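Listing of protein22.txt, compact mmCIF, C-alpha atoms (C1' of nucleotides)
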# COMPACT_ATOMS: atom_id res chain seq x y z
CA MET A 586 64.71 178.72 96.84
CA ASP A 587 64.92 175.83 99.27
CA GLN A 588 65.39 172.67 97.23
CA LEU A 589 64.35 170.32 99.99
CA THR A 590 61.10 172.20 100.62
CA ILE A 591 60.38 172.16 96.90
CA PHE A 592 61.05 168.46 96.46
CA LYS A 593 58.87 167.66 99.47
CA ALA A 594 56.09 169.74 97.96
CA LEU A 595 56.43 167.76 94.74
CA SER A 596 56.38 164.39 96.54
CA ASN A 597 52.65 163.88 96.39
CA LYS A 598 50.48 162.62 93.56
CA THR A 599 47.65 165.06 94.14
CA ARG A 600 49.92 168.07 94.35
CA LEU A 601 51.67 167.10 91.12
CA GLN A 602 48.24 166.75 89.55
CA ILE A 603 47.23 170.22 90.69
CA LEU A 604 50.35 171.69 89.11
CA GLU A 605 49.50 169.98 85.84
CA TRP A 606 45.96 171.32 85.89
CA LEU A 607 47.19 174.83 86.62
CA LYS A 608 49.51 174.64 83.64
CA GLU A 609 46.47 174.70 81.35
CA PRO A 610 43.57 176.01 83.43
CA GLU A 611 41.30 176.71 80.45
CA LYS A 612 41.63 173.05 79.53
CA TYR A 613 40.75 171.64 82.92
CA PHE A 614 38.49 174.22 84.58
CA SER A 615 35.25 175.81 83.50
CA ALA A 616 35.39 179.56 83.10
CA GLU A 617 33.47 181.38 85.80
CA GLU A 618 32.38 184.96 86.40
CA ASN A 619 35.54 186.39 87.82
CA ALA A 620 37.88 183.82 86.46
CA ASP A 621 40.61 185.20 84.29
CA PHE A 622 42.79 182.13 84.49
CA GLU A 623 45.88 183.67 82.92
CA GLN A 624 45.88 186.72 85.15
CA ILE A 625 44.61 185.63 88.51
CA GLY A 626 44.44 181.84 88.45
CA VAL A 627 41.91 179.33 89.69
CA CYS A 628 40.02 179.49 92.99
CA VAL A 629 40.33 176.87 95.70
CA GLY A 630 36.82 175.50 95.27
CA GLN A 631 37.31 174.61 91.62
CA ILE A 632 40.58 172.87 92.37
CA GLN A 633 39.06 171.01 95.29
CA GLN A 634 36.24 169.62 93.17
CA LYS A 635 38.66 168.05 90.72
CA CYS A 636 40.84 166.60 93.48
CA GLY A 637 38.10 164.72 95.24
CA LEU A 638 39.70 165.49 98.60
CA THR A 639 38.24 167.61 101.35
CA GLN A 640 38.37 171.39 101.32
CA SER A 641 40.76 171.54 104.25
CA THR A 642 43.23 169.15 102.66
CA VAL A 643 43.26 170.97 99.35
CA SER A 644 43.65 174.31 101.10
CA GLU A 645 46.66 172.95 102.94
CA TYR A 646 48.18 171.50 99.79
CA LEU A 647 47.85 174.84 98.03
CA ALA A 648 49.41 176.63 100.99
CA LEU A 649 52.27 174.16 100.89
CA LEU A 650 52.91 174.70 97.19
CA LEU A 651 52.68 178.43 97.78
CA HIS A 652 55.20 178.25 100.60
CA ALA A 653 57.56 176.29 98.36
CA GLY A 654 57.32 179.15 95.88
CA LEU A 655 55.74 177.06 93.14
CA LEU A 656 52.41 178.92 93.25
CA GLU A 657 51.26 182.49 93.69
CA SER A 658 47.97 183.53 95.24
CA THR A 659 45.63 186.47 94.95
CA ARG A 660 42.71 187.15 97.22
CA ILE A 661 39.70 188.76 95.57
CA GLY A 662 36.67 189.10 97.75
CA GLN A 663 36.02 185.78 99.39
CA TRP A 664 37.98 183.87 96.81
CA THR A 665 41.64 182.98 96.78
CA TYR A 666 43.03 182.34 93.32
CA TYR A 667 46.12 180.27 92.77
CA LYS A 668 48.32 180.19 89.70
CA ARG A 669 51.72 178.81 88.87
CA ASN A 670 54.89 180.77 89.43
CA GLU A 671 56.56 179.79 86.17
CA GLU A 672 59.80 181.45 87.14
CA ALA A 673 60.17 179.00 90.01
CA PHE A 674 59.85 176.03 87.66
CA GLN A 675 62.43 177.54 85.36
CA GLN A 676 64.78 178.07 88.26
CA LEU A 677 64.23 174.54 89.49
CA SER A 678 64.96 173.14 86.06
CA ASP A 679 68.14 175.17 85.81
CA PHE A 680 69.19 174.15 89.30
CA ILE A 681 68.83 170.47 88.50
CA LYS A 682 70.67 170.85 85.24
CA SER A 683 73.67 172.66 86.63
CA ALA A 684 73.87 172.34 90.40
CA LEU A 685 72.13 169.21 91.59
CA MET B 643 60.95 157.76 84.60
CA ASP B 644 58.47 158.00 87.44
CA GLN B 645 58.39 161.60 88.58
CA LEU B 646 56.79 160.87 91.92
CA THR B 647 59.39 158.24 92.79
CA ILE B 648 62.14 160.65 91.82
CA PHE B 649 60.78 163.56 93.85
CA LYS B 650 60.35 161.30 96.87
CA ALA B 651 63.94 160.16 96.50
CA LEU B 652 65.01 163.81 96.46
CA SER B 653 62.95 164.69 99.55
CA ASN B 654 65.66 163.99 102.07
CA LYS B 655 68.56 166.13 103.18
CA THR B 656 71.07 163.30 103.37
CA ARG B 657 70.18 161.90 99.98
CA LEU B 658 70.53 165.34 98.37
CA GLN B 659 73.90 165.61 100.07
CA ILE B 660 75.02 162.26 98.69
CA LEU B 661 74.09 163.38 95.18
CA GLU B 662 76.17 166.51 95.63
CA TRP B 663 79.17 164.53 96.81
CA LEU B 664 78.88 162.13 93.90
CA LYS B 665 78.89 165.04 91.48
CA GLU B 666 82.54 165.69 92.38
CA PRO B 667 83.84 162.51 94.01
CA GLU B 668 87.51 163.45 93.72
CA LYS B 669 86.72 166.56 95.74
CA TYR B 670 84.90 164.82 98.57
CA PHE B 671 86.36 161.31 98.76
CA SER B 672 89.89 160.07 99.18
CA ALA B 673 91.17 157.95 96.31
CA GLU B 674 91.50 154.31 97.25
CA GLU B 675 93.03 151.23 95.64
CA ASN B 676 90.28 150.26 93.29
CA ALA B 677 88.57 153.59 93.13
CA ASP B 678 88.29 155.06 89.68
CA PHE B 679 85.63 157.57 90.60
CA GLU B 680 84.74 158.60 87.07
CA GLN B 681 84.32 155.08 85.80
CA ILE B 682 82.91 153.04 88.63
CA GLY B 683 81.95 155.49 91.34
CA VAL B 684 82.32 155.48 95.11
CA CYS B 685 81.79 152.49 97.39
CA VAL B 686 79.14 152.38 100.11
CA GLY B 687 81.58 152.50 102.98
CA GLN B 688 83.13 155.78 101.91
CA ILE B 689 79.74 157.37 101.45
CA GLN B 690 78.56 156.06 104.79
CA GLN B 691 81.49 157.59 106.65
CA LYS B 692 80.69 161.07 105.35
CA CYS B 693 76.99 160.71 106.12
CA GLY B 694 77.37 159.89 109.78
CA LEU B 695 74.40 157.52 109.57
CA THR B 696 74.49 153.76 110.04
CA GLN B 697 75.55 151.40 107.30
CA SER B 698 72.06 149.97 106.89
CA THR B 699 70.46 153.38 106.47
CA VAL B 700 72.97 154.52 103.89
CA SER B 701 72.65 151.26 102.00
CA GLU B 702 68.89 151.75 101.87
CA TYR B 703 69.23 155.34 100.73
CA LEU B 704 71.54 154.33 97.90
CA ALA B 705 69.15 151.56 96.86
CA LEU B 706 66.35 154.10 96.84
CA LEU B 707 68.27 156.55 94.65
CA LEU B 708 69.21 153.64 92.40
CA HIS B 709 65.60 152.55 92.11
CA ALA B 710 64.59 156.10 91.19
CA GLY B 711 67.14 155.92 88.37
CA LEU B 712 69.33 158.71 89.73
CA LEU B 713 72.27 156.42 90.49
CA GLU B 714 73.95 153.45 88.83
CA SER B 715 75.77 150.70 90.68
CA THR B 716 78.59 148.30 89.90
CA ARG B 717 79.62 145.39 92.06
CA ILE B 718 83.33 144.62 92.10
CA GLY B 719 84.42 141.98 94.54
CA GLN B 720 82.90 142.76 97.89
CA TRP B 721 82.36 146.38 97.06
CA THR B 722 79.37 148.07 95.45
CA TYR B 723 80.23 151.32 93.75
CA TYR B 724 77.63 153.98 93.12
CA LYS B 725 77.81 156.84 90.67
CA ARG B 726 75.37 159.37 89.27
CA ASN B 727 73.30 158.67 86.21
CA GLU B 728 73.71 162.09 84.64
CA GLU B 729 71.23 161.33 81.91
CA ALA B 730 68.49 161.00 84.51
CA PHE B 731 69.22 164.46 85.88
CA GLN B 732 69.16 165.89 82.39
CA GLN B 733 65.82 164.22 81.72
CA LEU B 734 64.42 165.47 84.99
CA SER B 735 65.52 169.00 84.22
CA ASP B 736 63.92 168.83 80.79
CA PHE B 737 60.74 167.36 82.22
CA ILE B 738 60.38 170.19 84.71
CA LYS B 739 61.07 172.80 82.08
CA SER B 740 58.56 171.55 79.54
CA ALA B 741 56.06 169.16 81.11
CA LEU B 742 55.69 169.84 84.81
C1' DT C 996 24.43 193.42 112.19
C1' DA C 997 23.03 188.75 111.13
C1' DG C 998 23.70 185.15 108.05
C1' DG C 999 25.88 182.84 104.30
C1' DA C 1000 29.74 181.49 101.34
C1' DA C 1001 34.77 180.69 100.56
C1' DT C 1002 38.91 179.69 102.62
C1' DA C 1003 42.19 178.86 106.49
C1' DT C 1004 43.53 176.68 110.61
C1' DC C 1005 43.44 173.18 114.34
C1' DG C 1006 43.44 168.52 116.44
C1' DG C 1007 43.82 163.93 115.57
C1' DG C 1008 43.97 158.95 113.61
C1' DA C 1009 46.15 156.22 110.02
C1' DA C 1010 49.84 155.47 106.89
C1' DA C 1011 54.50 156.23 105.33
C1' DA C 1012 59.31 157.54 105.98
C1' DA C 1013 63.47 157.91 108.82
C1' DC C 1014 66.54 155.67 111.17
C1' DC C 1015 68.52 152.05 114.06
C1' DG C 1016 70.54 147.30 115.61
C1' DA C 1017 70.72 142.61 114.43
C1' DT C 1018 71.28 139.38 111.06
C1' DA C 1019 71.85 137.47 106.35
C1' DT C 1020 74.44 137.20 102.10
C1' DA C 1021 78.33 137.53 99.05
C1' DT C 1022 83.07 137.71 98.22
C1' DA C 1023 87.94 137.26 99.59
C1' DT C 1024 91.66 135.31 102.37
C1' DT C 1025 93.99 131.85 105.08
C1' DA D 123 86.36 125.01 105.74
C1' DA D 124 86.77 128.97 108.80
C1' DT D 125 87.16 133.72 109.28
C1' DA D 126 86.96 138.50 107.90
C1' DT D 127 85.09 142.35 105.24
C1' DA D 128 81.56 144.89 102.58
C1' DT D 129 76.93 145.28 101.63
C1' DA D 130 71.95 144.06 101.83
C1' DT D 131 67.86 142.96 104.21
C1' DC D 132 64.67 142.53 108.23
C1' DG D 133 62.03 143.98 112.34
C1' DG D 134 61.00 147.64 115.13
C1' DT D 135 60.64 152.52 117.24
C1' DT D 136 60.17 157.34 116.42
C1' DT D 137 59.02 161.11 113.49
C1' DT D 138 56.69 162.95 109.61
C1' DT D 139 53.14 163.09 106.16
C1' DC D 140 48.41 162.29 104.66
C1' DC D 141 43.99 163.37 105.09
C1' DC D 142 39.84 164.04 107.68
C1' DG D 143 36.03 166.62 110.48
C1' DA D 144 35.23 170.55 113.21
C1' DT D 145 35.86 175.22 113.87
C1' DA D 146 37.67 179.91 113.00
C1' DT D 147 38.27 183.73 109.92
C1' DT D 148 37.26 186.78 106.20
C1' DC D 149 34.39 188.98 103.20
C1' DC D 150 29.89 189.70 101.06
C1' DT D 151 24.99 190.78 101.13
C1' DA D 152 20.37 191.34 102.99
Using the file provided, produce a representation of the structure as structure tokens.
Amino acid sequence: MDQLTIFKALSNKTRLQILEWLKEPEKYFSAEENADFEQIGVCVGQIQQKCGLTQSTVSEYLALLLHAGLLESTRIGQWTYYKRNEEAFQQLSDFIKSAL
Amino acid sequence: MDQLTIFKALSNKTRLQILEWLKEPEKYFSAEENADFEQIGVCVGQIQQKCGLTQSTVSEYLALLLHAGLLESTRIGQWTYYKRNEEAFQQLSDFIKSAL
DNA sequence: TAGGAATATCGGGAAAAACCGATATATATT
DNA sequence: AATATATATCGGTTTTTCCCGATATTCCTA
């Protein structure tokens, strides 16, 4: 867990927003064919639509959050699904409480 | 508490380092005349020396951490002392655990 | 195997952040 | 008042981040 990488990943309004949406996917995204939000997450296209940014930007943002360890991804067919890595948030919380 | 402001303040190696030092001032700073670390904190000059950056940069960094609510400051004579606002760290930890 | 759909990557222009040196301000001392 | 010390602020250069359009890659289907 690299704190600096994590804090940089969290230093953007859109990326914070994405994390909020992914906390309650069923609330913010419409259920689709394949979409089992709890298990596999939400695909890039659905997230992009809500962001209002271009596909390439959103793809990069998701890769960045993934690299920071805050998200997990699963590729199924031509879709990549992203969901939160709740353990990372727990660890971050604990780190701030005791070590930061 | 503005999360984005806080995360931006934490997105810098030197500023994270300063926060670590201020967690245990007696460990990292030499006691001076006026310095009651627990009560009033550490003055800018002492922090600057450990950073190895210029006075103006360190002063700006401290102002930034102050503005984010992570530090408190006290002016005594010609010195400004900075110390951690532990409540802010607690709140941030709680926020990440439950809301982020 | 050709074409389409979803996502990733690349190159770049604009905006923000990281620093710096110079200078301003505030306080203390003589 | 003049000088010295500690800190804050200002203006500017370099580096990083933001975000885009274009293109590449991967996988699916006809």
Original post:
With only C-alpha atoms (C1' of nucleotides) as the atoms that count, which of A:Met586, A:Ala684, A:Ala653, A:Val643 lies nearest to chain C?
Top reply: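 When distances to chain C are compared using only C-alpha atoms (C1' of nucleotides), the smallest one comes from A:Val643.
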**OP:** Go through B:Arg726, B:Lys669, B:Gly687, B:Gly719 and flag the residue nearest Thr699 (chain B), using only C-alpha atoms for the distances.
**Re:**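 Under the stated criterion, the closest residue is B:Gly687.
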Subject >> Shell around Glu671 (chain A) at 12 Å using all atoms listed in the file, local window under 4 positions removed, as a list of chain:residue names >> reply: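 In the requested form, the answer reads A:Leu604, A:Leu607, A:Lys608, A:Glu623, A:Gly654, A:Leu655, A:Leu656, A:Glu657, A:Gln675, A:Gln676, A:Leu677, A:Ser678, B:Ile738, B:Lys739, B:Ser740, B:Ala741, B:Leu742.
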Can I get the residues of chain B within 12 Å of region 1009-1020 of chain C, each with the closest pair of atoms and their distance in Å to one decimal, using all atoms listed in the file, sorted chain first then ascending number, as CSV?
residue,atom,partner,partner_atom,distance
B:Lys650,CA,C:DA1012,C1',9.9
B:Ala651,CA,C:DA1012,C1',10.9
B:Ser653,CA,C:DA1012,C1',10.3
B:Asn654,CA,C:DA1013,C1',9.3
B:Lys655,CA,C:DA1013,C1',11.2
B:Thr656,CA,C:DA1013,C1',10.8
B:Arg657,CA,C:DA1013,C1',11.8
B:Gly694,CA,C:DC1014,C1',11.7
B:Leu695,CA,C:DC1014,C1',8.2
B:Thr696,CA,C:DC1015,C1',7.4
B:Gln697,CA,C:DC1015,C1',9.8
B:Ser698,CA,C:DC1015,C1',8.3
B:Thr699,CA,C:DC1014,C1',6.5
B:Val700,CA,C:DC1014,C1',9.8
B:Ser701,CA,C:DC1014,C1',11.9
B:Glu702,CA,C:DC1014,C1',10.4
B:Tyr703,CA,C:DA1013,C1',10.3
B:Gln720,CA,C:DT1020,C1',11.0
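Closest approach to chain A from the set B:Gln690, B:Gln681, B:Asn727, B:Thr716 is made by B:Asn727, with distances taken over all atoms listed in the file.
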Subject >> From A:Gln631, A:Leu650, A:Glu609, A:Gln588, residue lying nearest DA1001 (chain C) [all atoms listed in the file] >> reply: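 Of the candidates, the smallest distance to DA1001 (chain C) is held by A:Gln631.
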Original post:
To one decimal place, how far is C1' of DC141 (chain D) from C1' of DG1007 (chain C) in Å?
Top reply: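 Result for C1' of DC141 (chain D) versus C1' of DG1007 (chain C): 10.5 Å, one decimal.
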For the interface of chain C with chain A (cut-off 12 Å, counting all atoms listed in the file), please tabulate each contacting residue of chain C alongside its nearest pair of atoms and their separation in Å to one decimal, rows sorted by chain and increasing number, as CSV.
residue,atom,partner,partner_atom,distance
C:DG999,C1',A:Gln663,CA,11.6
C:DA1000,C1',A:Gln663,CA,7.9
C:DA1001,C1',A:Gln663,CA,5.4
C:DT1002,C1',A:Trp664,CA,7.2
C:DA1003,C1',A:Ser644,CA,7.2
C:DT1004,C1',A:Ser641,CA,8.6
C:DC1005,C1',A:Ser641,CA,10.6
C:DA1011,C1',A:Asn597,CA,11.9
**OP:** Find the distance between C1' of DT125 (chain D) and CA of Val684 (chain B) and write it in Å to one decimal.
**Re:** 26.4 Å
Subject >> 10 Å contacts from chain D to chain A using only C-alpha atoms (C1' of nucleotides), as a list in words >> reply: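 Within 10 Å of chain A on chain D, we get DT139, DC140, DC141, DC142, DG143, DT148, DC149 and DC150 of chain D.
Interatomic distance, CA of Leu704 (chain B) against CA of Asp587 (chain A): 22.5 Å.
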Grab all the atoms of region 670-687 of chain B that the file lists, wrap them in a box along x, y and z, add 5 Å per side, and give me centre plus edge lengths in Å (one decimal) as JSON.
{"center_x": 86.1, "center_y": 157.5, "center_z": 94.4, "size_x": 23.9, "size_y": 24.6, "size_z": 27.2}
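Distances to chain B were evaluated for A:Ala616, A:Ile625, A:Ala673, A:Ile632 using only C-alpha atoms, and the minimum falls at A:Ala673.
Proximity of A:Cys636, A:Leu651, A:Leu589, A:Ile603 to chain B, computed with all atoms listed in the file, is greatest for A:Leu589.
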